[in-house]
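Dumped work_23.txt below, it's compact mmCIF, C-alpha atoms:
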```
# COMPACT_ATOMS: atom_id res chain seq x y z
CA MET A 5 -20.22 -1.45 -9.65
CA ARG A 6 -16.90 -0.41 -8.16
CA LYS A 7 -14.73 1.95 -10.19
CA GLN A 8 -11.62 0.97 -12.12
CA ILE A 9 -8.82 3.47 -11.45
CA VAL A 10 -5.27 4.02 -12.64
CA ALA A 11 -3.50 6.72 -10.62
CA GLY A 12 0.01 8.02 -11.22
CA ASN A 13 1.98 9.08 -8.14
CA TRP A 14 4.75 11.35 -9.42
CA LYS A 15 6.33 11.67 -5.96
CA MET A 16 9.08 14.34 -5.76
CA ASN A 17 9.75 14.37 -9.49
CA CYS A 18 9.13 16.91 -12.28
CA ASP A 19 9.65 20.65 -11.93
CA LEU A 20 7.06 22.99 -13.49
CA PRO A 21 8.25 22.66 -17.12
CA ASP A 22 8.47 18.87 -16.73
CA THR A 23 5.01 18.78 -15.20
CA GLN A 24 3.55 20.81 -18.05
CA LYS A 25 5.25 18.66 -20.69
CA LEU A 26 4.12 15.39 -19.13
CA ILE A 27 0.53 16.62 -18.93
CA THR A 28 0.69 17.75 -22.57
CA ASP A 29 2.03 14.33 -23.57
CA LEU A 30 -0.74 12.60 -21.62
CA LYS A 31 -3.45 14.71 -23.21
CA THR A 32 -1.98 14.10 -26.66
CA GLY A 33 -1.99 10.36 -25.99
CA LEU A 34 -5.61 10.31 -24.92
CA VAL A 35 -6.85 9.46 -28.38
CA LYS A 36 -9.61 7.20 -27.11
CA GLU A 37 -11.66 6.60 -24.00
CA PHE A 38 -10.15 4.37 -21.36
CA ASN A 39 -12.24 1.95 -19.32
CA CYS A 40 -11.04 3.52 -16.08
CA GLU A 41 -10.58 6.77 -14.20
CA LEU A 42 -7.20 8.38 -14.88
CA MET A 43 -5.53 10.31 -12.06
CA ILE A 44 -2.16 12.00 -11.67
CA ALA A 45 -0.52 13.29 -8.48
CA PRO A 46 2.08 15.98 -9.26
CA SER A 47 4.11 17.66 -6.53
CA THR A 48 2.18 20.09 -4.33
CA PRO A 49 3.62 23.36 -5.78
CA PHE A 50 2.28 22.47 -9.23
CA LEU A 51 -1.18 21.18 -8.34
CA TYR A 52 -3.00 24.38 -9.33
CA ASN A 53 -1.19 24.61 -12.65
CA ALA A 54 -1.82 20.92 -13.31
CA PHE A 55 -5.49 21.22 -12.37
CA ASN A 56 -6.02 24.08 -14.81
CA SER A 57 -4.06 22.27 -17.51
CA THR A 58 -6.31 19.20 -17.33
CA LEU A 59 -9.71 20.90 -17.23
CA ASP A 60 -10.26 20.03 -20.90
CA SER A 61 -9.39 16.36 -20.41
CA ASP A 62 -10.56 13.26 -18.54
CA ILE A 63 -7.53 13.36 -16.24
CA GLU A 64 -8.10 14.12 -12.56
CA VAL A 65 -5.31 15.85 -10.66
CA ILE A 66 -4.96 14.58 -7.10
CA ALA A 67 -2.70 15.37 -4.11
CA GLN A 68 0.06 13.19 -2.68
CA ASN A 69 -0.51 14.14 0.95
CA VAL A 70 -2.52 16.39 3.28
CA SER A 71 -2.40 17.58 6.89
CA GLU A 72 -4.70 16.26 9.57
CA GLN A 73 -4.97 19.84 10.88
CA GLU A 74 -7.56 22.30 9.59
CA LYS A 75 -5.40 25.45 9.90
CA GLY A 76 -2.85 27.16 12.11
CA ALA A 77 0.86 27.23 12.91
CA PHE A 78 1.89 24.11 11.03
CA THR A 79 4.81 25.22 8.88
CA GLY A 80 5.06 23.49 5.53
CA GLU A 81 1.73 21.68 5.78
CA THR A 82 -1.23 21.76 3.37
CA SER A 83 -4.81 21.53 4.62
CA VAL A 84 -7.86 19.92 3.07
CA ASP A 85 -9.44 23.35 2.59
CA MET A 86 -6.37 24.57 0.71
CA LEU A 87 -6.49 21.61 -1.66
CA GLN A 88 -10.20 22.00 -2.23
CA SER A 89 -9.81 25.72 -2.90
CA ILE A 90 -7.76 24.90 -6.02
CA GLY A 91 -10.10 22.18 -7.23
CA ILE A 92 -8.46 19.07 -5.78
CA LYS A 93 -10.99 16.40 -4.76
CA THR A 94 -8.83 13.35 -4.09
CA VAL A 95 -5.76 12.78 -1.91
CA ILE A 96 -3.34 9.90 -1.32
CA ILE A 97 -2.95 9.11 2.39
CA GLY A 98 -0.73 6.59 4.16
CA HIS A 99 1.78 5.89 1.40
CA SER A 100 4.61 3.67 2.65
CA GLU A 101 7.14 6.46 2.09
CA ARG A 102 5.14 8.71 4.42
CA ARG A 103 5.07 5.92 6.98
CA ASP A 104 8.72 4.87 6.67
CA ILE A 105 10.59 8.10 5.94
CA TYR A 106 8.44 10.59 7.84
CA GLY A 107 7.26 8.35 10.64
CA GLU A 108 3.53 8.61 10.05
CA THR A 109 1.75 6.23 12.41
CA ASN A 110 -1.49 4.35 11.83
CA GLU A 111 -3.15 6.75 14.26
CA LEU A 112 -1.95 9.90 12.45
CA ILE A 113 -3.00 8.41 9.12
CA ALA A 114 -6.45 7.70 10.56
CA GLN A 115 -6.71 11.38 11.58
CA LYS A 116 -5.80 12.44 8.03
CA VAL A 117 -8.38 10.10 6.56
CA LYS A 118 -11.09 11.38 8.90
CA ALA A 119 -10.20 15.05 8.30
CA SER A 120 -10.39 14.49 4.55
CA VAL A 121 -13.63 12.53 4.31
CA ASN A 122 -15.34 14.89 6.77
CA LYS A 123 -14.87 17.63 4.17
CA GLY A 124 -15.96 15.51 1.23
CA MET A 125 -12.55 14.51 -0.15
CA ARG A 126 -12.02 11.16 -1.79
CA VAL A 127 -9.10 9.29 -0.24
CA ILE A 128 -6.75 6.74 -1.75
CA PHE A 129 -5.70 4.97 1.44
CA CYS A 130 -2.44 3.04 1.16
CA CYS A 131 -1.56 -0.08 3.11
CA GLY A 132 1.07 -2.78 2.77
CA GLU A 133 3.82 -4.81 4.37
CA HIS A 134 7.61 -5.04 4.38
CA LEU A 135 9.36 -8.20 3.20
CA GLU A 136 10.27 -9.39 6.69
CA ILE A 137 6.59 -9.25 7.71
CA ARG A 138 5.64 -11.38 4.72
CA LYS A 139 8.44 -13.85 5.47
CA GLU A 140 7.09 -14.16 9.01
CA ASP A 141 3.63 -14.84 7.56
CA LYS A 142 2.21 -11.82 9.41
CA HIS A 143 1.27 -9.79 6.33
CA PHE A 144 -2.46 -10.44 6.49
CA ASP A 145 -2.65 -9.39 10.14
CA LEU A 146 -0.53 -6.26 9.64
CA VAL A 147 -2.40 -5.01 6.59
CA GLY A 148 -5.74 -5.82 8.13
CA ASN A 149 -4.77 -3.82 11.21
CA GLN A 150 -3.73 -0.84 9.07
CA VAL A 151 -7.14 -0.86 7.41
CA LYS A 152 -9.03 -1.31 10.68
CA ILE A 153 -7.31 1.61 12.43
CA ALA A 154 -7.72 3.97 9.47
CA LEU A 155 -11.29 3.18 8.49
CA GLN A 156 -13.18 1.73 11.46
CA ASP A 157 -14.58 5.09 12.62
CA LEU A 158 -15.97 6.06 9.22
CA THR A 159 -19.66 5.84 8.45
CA GLU A 160 -20.96 3.62 5.69
CA GLU A 161 -21.68 6.76 3.67
CA GLN A 162 -18.11 7.99 4.12
CA MET A 163 -16.77 4.66 2.89
CA SER A 164 -18.03 5.62 -0.57
CA GLN A 165 -15.19 8.19 -0.55
CA ILE A 166 -12.52 5.55 0.13
CA VAL A 167 -10.28 3.79 -2.39
CA ILE A 168 -7.72 1.34 -1.00
CA ALA A 169 -4.28 0.88 -2.56
CA TYR A 170 -2.38 -2.25 -1.53
CA GLU A 171 1.34 -1.68 -1.88
CA PRO A 172 3.69 -4.48 -0.89
CA VAL A 173 6.56 -2.30 0.31
CA TRP A 174 9.11 -4.84 -0.89
CA ALA A 175 7.88 -4.29 -4.45
CA ILE A 176 8.00 -0.46 -4.56
CA GLY A 177 10.82 0.91 -6.68
CA THR A 178 12.66 -2.41 -6.55
CA GLY A 179 11.55 -3.84 -9.85
CA GLU A 180 10.01 -6.70 -7.89
CA THR A 181 6.29 -7.25 -8.27
CA ALA A 182 3.89 -9.37 -6.32
CA THR A 183 2.63 -12.15 -8.55
CA PRO A 184 -0.93 -11.69 -9.77
CA GLU A 185 -1.86 -14.51 -7.41
CA GLN A 186 -0.24 -12.76 -4.42
CA ALA A 187 -1.98 -9.51 -5.32
CA GLN A 188 -5.35 -11.23 -5.68
CA GLU A 189 -4.88 -13.06 -2.38
CA MET A 190 -4.27 -9.83 -0.47
CA HIS A 191 -6.99 -7.90 -2.28
CA ALA A 192 -9.48 -10.65 -1.43
CA HIS A 193 -8.30 -10.50 2.19
CA LEU A 194 -8.83 -6.73 2.22
CA ARG A 195 -12.32 -7.14 0.84
CA ASN A 196 -13.06 -9.64 3.59
CA GLU A 197 -11.76 -7.18 6.20
CA LEU A 198 -14.15 -4.54 4.86
CA SER A 199 -16.99 -7.04 5.08
CA VAL A 200 -16.21 -7.64 8.75
CA LEU A 201 -15.74 -3.94 9.56
CA PHE A 202 -18.82 -2.83 7.62
CA ASN A 203 -20.82 -5.16 5.38
CA ASP A 204 -20.65 -7.14 2.14
CA SER A 205 -22.04 -4.27 0.07
CA ILE A 206 -19.24 -1.91 1.10
CA ALA A 207 -16.68 -4.67 0.61
CA GLN A 208 -17.85 -5.32 -2.93
CA ASN A 209 -18.19 -1.65 -3.88
CA THR A 210 -14.82 -0.39 -2.62
CA SER A 211 -12.15 -0.13 -5.30
CA ILE A 212 -8.85 -1.78 -4.31
CA LEU A 213 -5.79 -0.85 -6.38
CA TYR A 214 -2.46 -2.63 -6.63
CA GLY A 215 0.58 -0.43 -6.01
CA GLY A 216 3.86 -2.26 -6.36
CA SER A 217 5.95 -1.69 -9.50
CA VAL A 218 3.06 -1.73 -11.97
CA LYS A 219 4.40 -1.63 -15.53
CA PRO A 220 2.96 -2.00 -19.03
CA ASN A 221 4.27 -5.57 -19.24
CA ASN A 222 2.54 -6.80 -16.05
CA ALA A 223 -0.52 -4.56 -15.79
CA ALA A 224 -2.94 -6.67 -17.83
CA GLU A 225 -2.24 -9.81 -15.84
CA LEU A 226 -2.61 -7.97 -12.53
CA PHE A 227 -5.77 -6.14 -13.57
CA ALA A 228 -7.36 -9.37 -14.79
CA LYS A 229 -7.66 -10.62 -11.22
CA PRO A 230 -11.22 -10.27 -9.91
CA ASP A 231 -10.39 -8.19 -6.84
CA VAL A 232 -7.77 -5.91 -8.45
CA ASP A 233 -9.50 -2.73 -9.61
CA GLY A 234 -6.55 -0.89 -11.12
CA GLY A 235 -3.21 0.47 -10.02
CA LEU A 236 -1.37 3.14 -8.08
CA VAL A 237 1.60 3.63 -10.38
CA GLY A 238 4.94 5.14 -9.38
CA GLY A 239 7.92 5.32 -11.73
CA ALA A 240 6.03 4.14 -14.79
CA SER A 241 3.67 7.12 -14.48
CA LEU A 242 6.52 9.52 -15.31
CA SER A 243 6.30 8.44 -18.94
CA ALA A 244 3.08 9.31 -20.74
CA GLU A 245 3.42 6.31 -23.04
CA SER A 246 3.94 3.76 -20.27
CA PHE A 247 1.23 5.26 -18.05
CA LEU A 248 -1.35 5.24 -20.84
CA ASN A 249 -0.35 1.69 -21.80
CA ILE A 250 -1.00 0.65 -18.20
CA ALA A 251 -4.40 2.37 -18.27
CA ASN A 252 -5.19 0.65 -21.55
CA ALA A 253 -4.54 -2.72 -19.88
CA ILE A 254 -7.86 -2.48 -18.01
```
Take the structure from the file and write it as structure tokens.
Amino acid sequence: MRKQIVAGNWKMNCDLPDTQKLITDLKTGLVKEFNCELMIAPSTPFLYNAFNSTLDSDIEVIAQNVSEQEKGAFTGETSVDMLQSIGIKTVIIGHSERRDIYGETNELIAQKVKASVNKGMRVIFCCGEHLEIRKEDKHFDLVGNQVKIALQDLTEEQMSQIVIAYEPVWAIGTGETATPEQAQEMHAHLRNELSVLFNDSIAQNTSILYGGSVKPNNAAELFAKPDVDGGLVGGASLSAESFLNIANAI
């Protein structure tokens, strides 16, 4: 059985007091068990504080990014070992903002994925297309290629550490959302790609999250689709109430 996951990507929001308050609000709102794993990704400077603040809860603190390098003269970077030394076990890799704003290539992202899984980290690997690619009907090929480059060199055992997040770039922060049917279509395509790259067992056991403007009012319909295993949530994760309502939609 693949895992149901709702992960909140806080991006470059929330200073330390804001981070502490949001975590307190989340813990207060956890009045019952959710049928999914709950994750939050605060900014890097506050990961250790957030990790310690959630030890008494079912919330996992995860990282938004990591270096492909193990150590050395890489100013401003954070290694896998550094994250693990403060208790972090999961990292987001390949988010569209890392690709578009910071120029991360498929090849660099593949190096980050490999460096992370080699040390036992779980990876939320992001993939997705821009609107012009979808309009040209090339979205299946592009997303499939992103997955192939990032994951093809992993072992079957390492694939158990991979979660995929499909994020239609045209639906991130725009208020636009892929229809549940569009999300299901791409998630099914991704599962087929995994079957070709590896086997049917891996395809069926890999969690695939939807990551494009998930909100409390559309989460249930999205999560009801058979190949949608939860969400990677952006703006709506900055409110404890909305994030927990999304989690409750599973």
Item checked: Residue nearest Glu161 (chain A) - candidates A:Val232, A:Leu87, A:Ile206, A:Ala175, atoms counted: only C-alpha atoms -> A:Ile206
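If you measure from each of A:His193, A:Lys15, A:Arg138, A:Arg126 to Phe50 (chain A) using only C-alpha atoms, the closest one turns out to be A:Lys15.
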Item checked: Spatial neighbours of Ile66 (chain A), 12 Å, all atoms listed in the file, chain gap at least 4 places, as a count of residues only -> 36
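The smallest atom-to-atom distance between Gly177 (chain A) and any of A:Glu245, A:Asp62, A:Glu74, A:Glu101, using all atoms listed in the file, is found for A:Glu101.
Taking CA of Glu185 (chain A) and CA of Leu226 (chain A) as endpoints, the distance between them is 8.3 Å.
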Next item on the list: Choose the residue, out of A:Ile63, A:Ile166, A:Ala154, A:Ala224, that has the smallest atom-to-atom separation from Thr32 (chain A); count only C-alpha atoms.
Entry: A:Ile63
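The shortest atom-to-atom distance to Gln186 (chain A), with all atoms listed in the file taken into account, belongs to A:Glu225 out of A:Glu225, A:Ser61, A:Ala251, A:Phe202.
With only C-alpha atoms as the atoms that count, the residue of A:Gly179, A:Pro172, A:Pro184, A:Gly124 with the shortest distance to Leu236 (chain A) is A:Pro172.
Between CA of Lys31 (chain A) and CA of Gly235 (chain A) lies a distance of 19.4 Å.
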Which neighbours of Ile176 (chain A) fall inside 12 Å, counting all atoms listed in the file, when residues of the same chain fewer than 4 positions from it are skipped, and could you give them as a CSV table (one decimal) with C-alpha atoms, in the frame of the given file?
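Final output, saved to around_18.csv:
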```
chain,number,residue,atom,x,y,z
A,13,ASN,CA,2.0,9.1,-8.1
A,99,HIS,CA,1.8,5.9,1.4
A,100,SER,CA,4.6,3.7,2.6
A,101,GLU,CA,7.1,6.5,2.1
A,132,GLY,CA,1.1,-2.8,2.8
A,133,GLU,CA,3.8,-4.8,4.4
A,134,HIS,CA,7.6,-5.0,4.4
A,135,LEU,CA,9.4,-8.2,3.2
A,170,TYR,CA,-2.4,-2.2,-1.5
A,171,GLU,CA,1.3,-1.7,-1.9
A,172,PRO,CA,3.7,-4.5,-0.9
A,180,GLU,CA,10.0,-6.7,-7.9
A,181,THR,CA,6.3,-7.2,-8.3
A,182,ALA,CA,3.9,-9.4,-6.3
A,214,TYR,CA,-2.5,-2.6,-6.6
A,215,GLY,CA,0.6,-0.4,-6.0
A,216,GLY,CA,3.9,-2.3,-6.4
A,217,SER,CA,6.0,-1.7,-9.5
A,218,VAL,CA,3.1,-1.7,-12.0
A,219,LYS,CA,4.4,-1.6,-15.5
A,236,LEU,CA,-1.4,3.1,-8.1
A,237,VAL,CA,1.6,3.6,-10.4
A,238,GLY,CA,4.9,5.1,-9.4
A,239,GLY,CA,7.9,5.3,-11.7
A,240,ALA,CA,6.0,4.1,-14.8
```
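Counting from CA of Pro220 (chain A), the distance to CA of Leu59 (chain A) is 26.2 Å.
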Margin query: Would you pick out the contacts of Met163 (chain A) at 9 Å or less, using all atoms listed in the file, so that residues sharing its chain but fewer than 3 positions from it are not included, and give the list as a VMD selection string?
Written below: chain A and resid 121 155 158 to 160 166 to 167 206 210
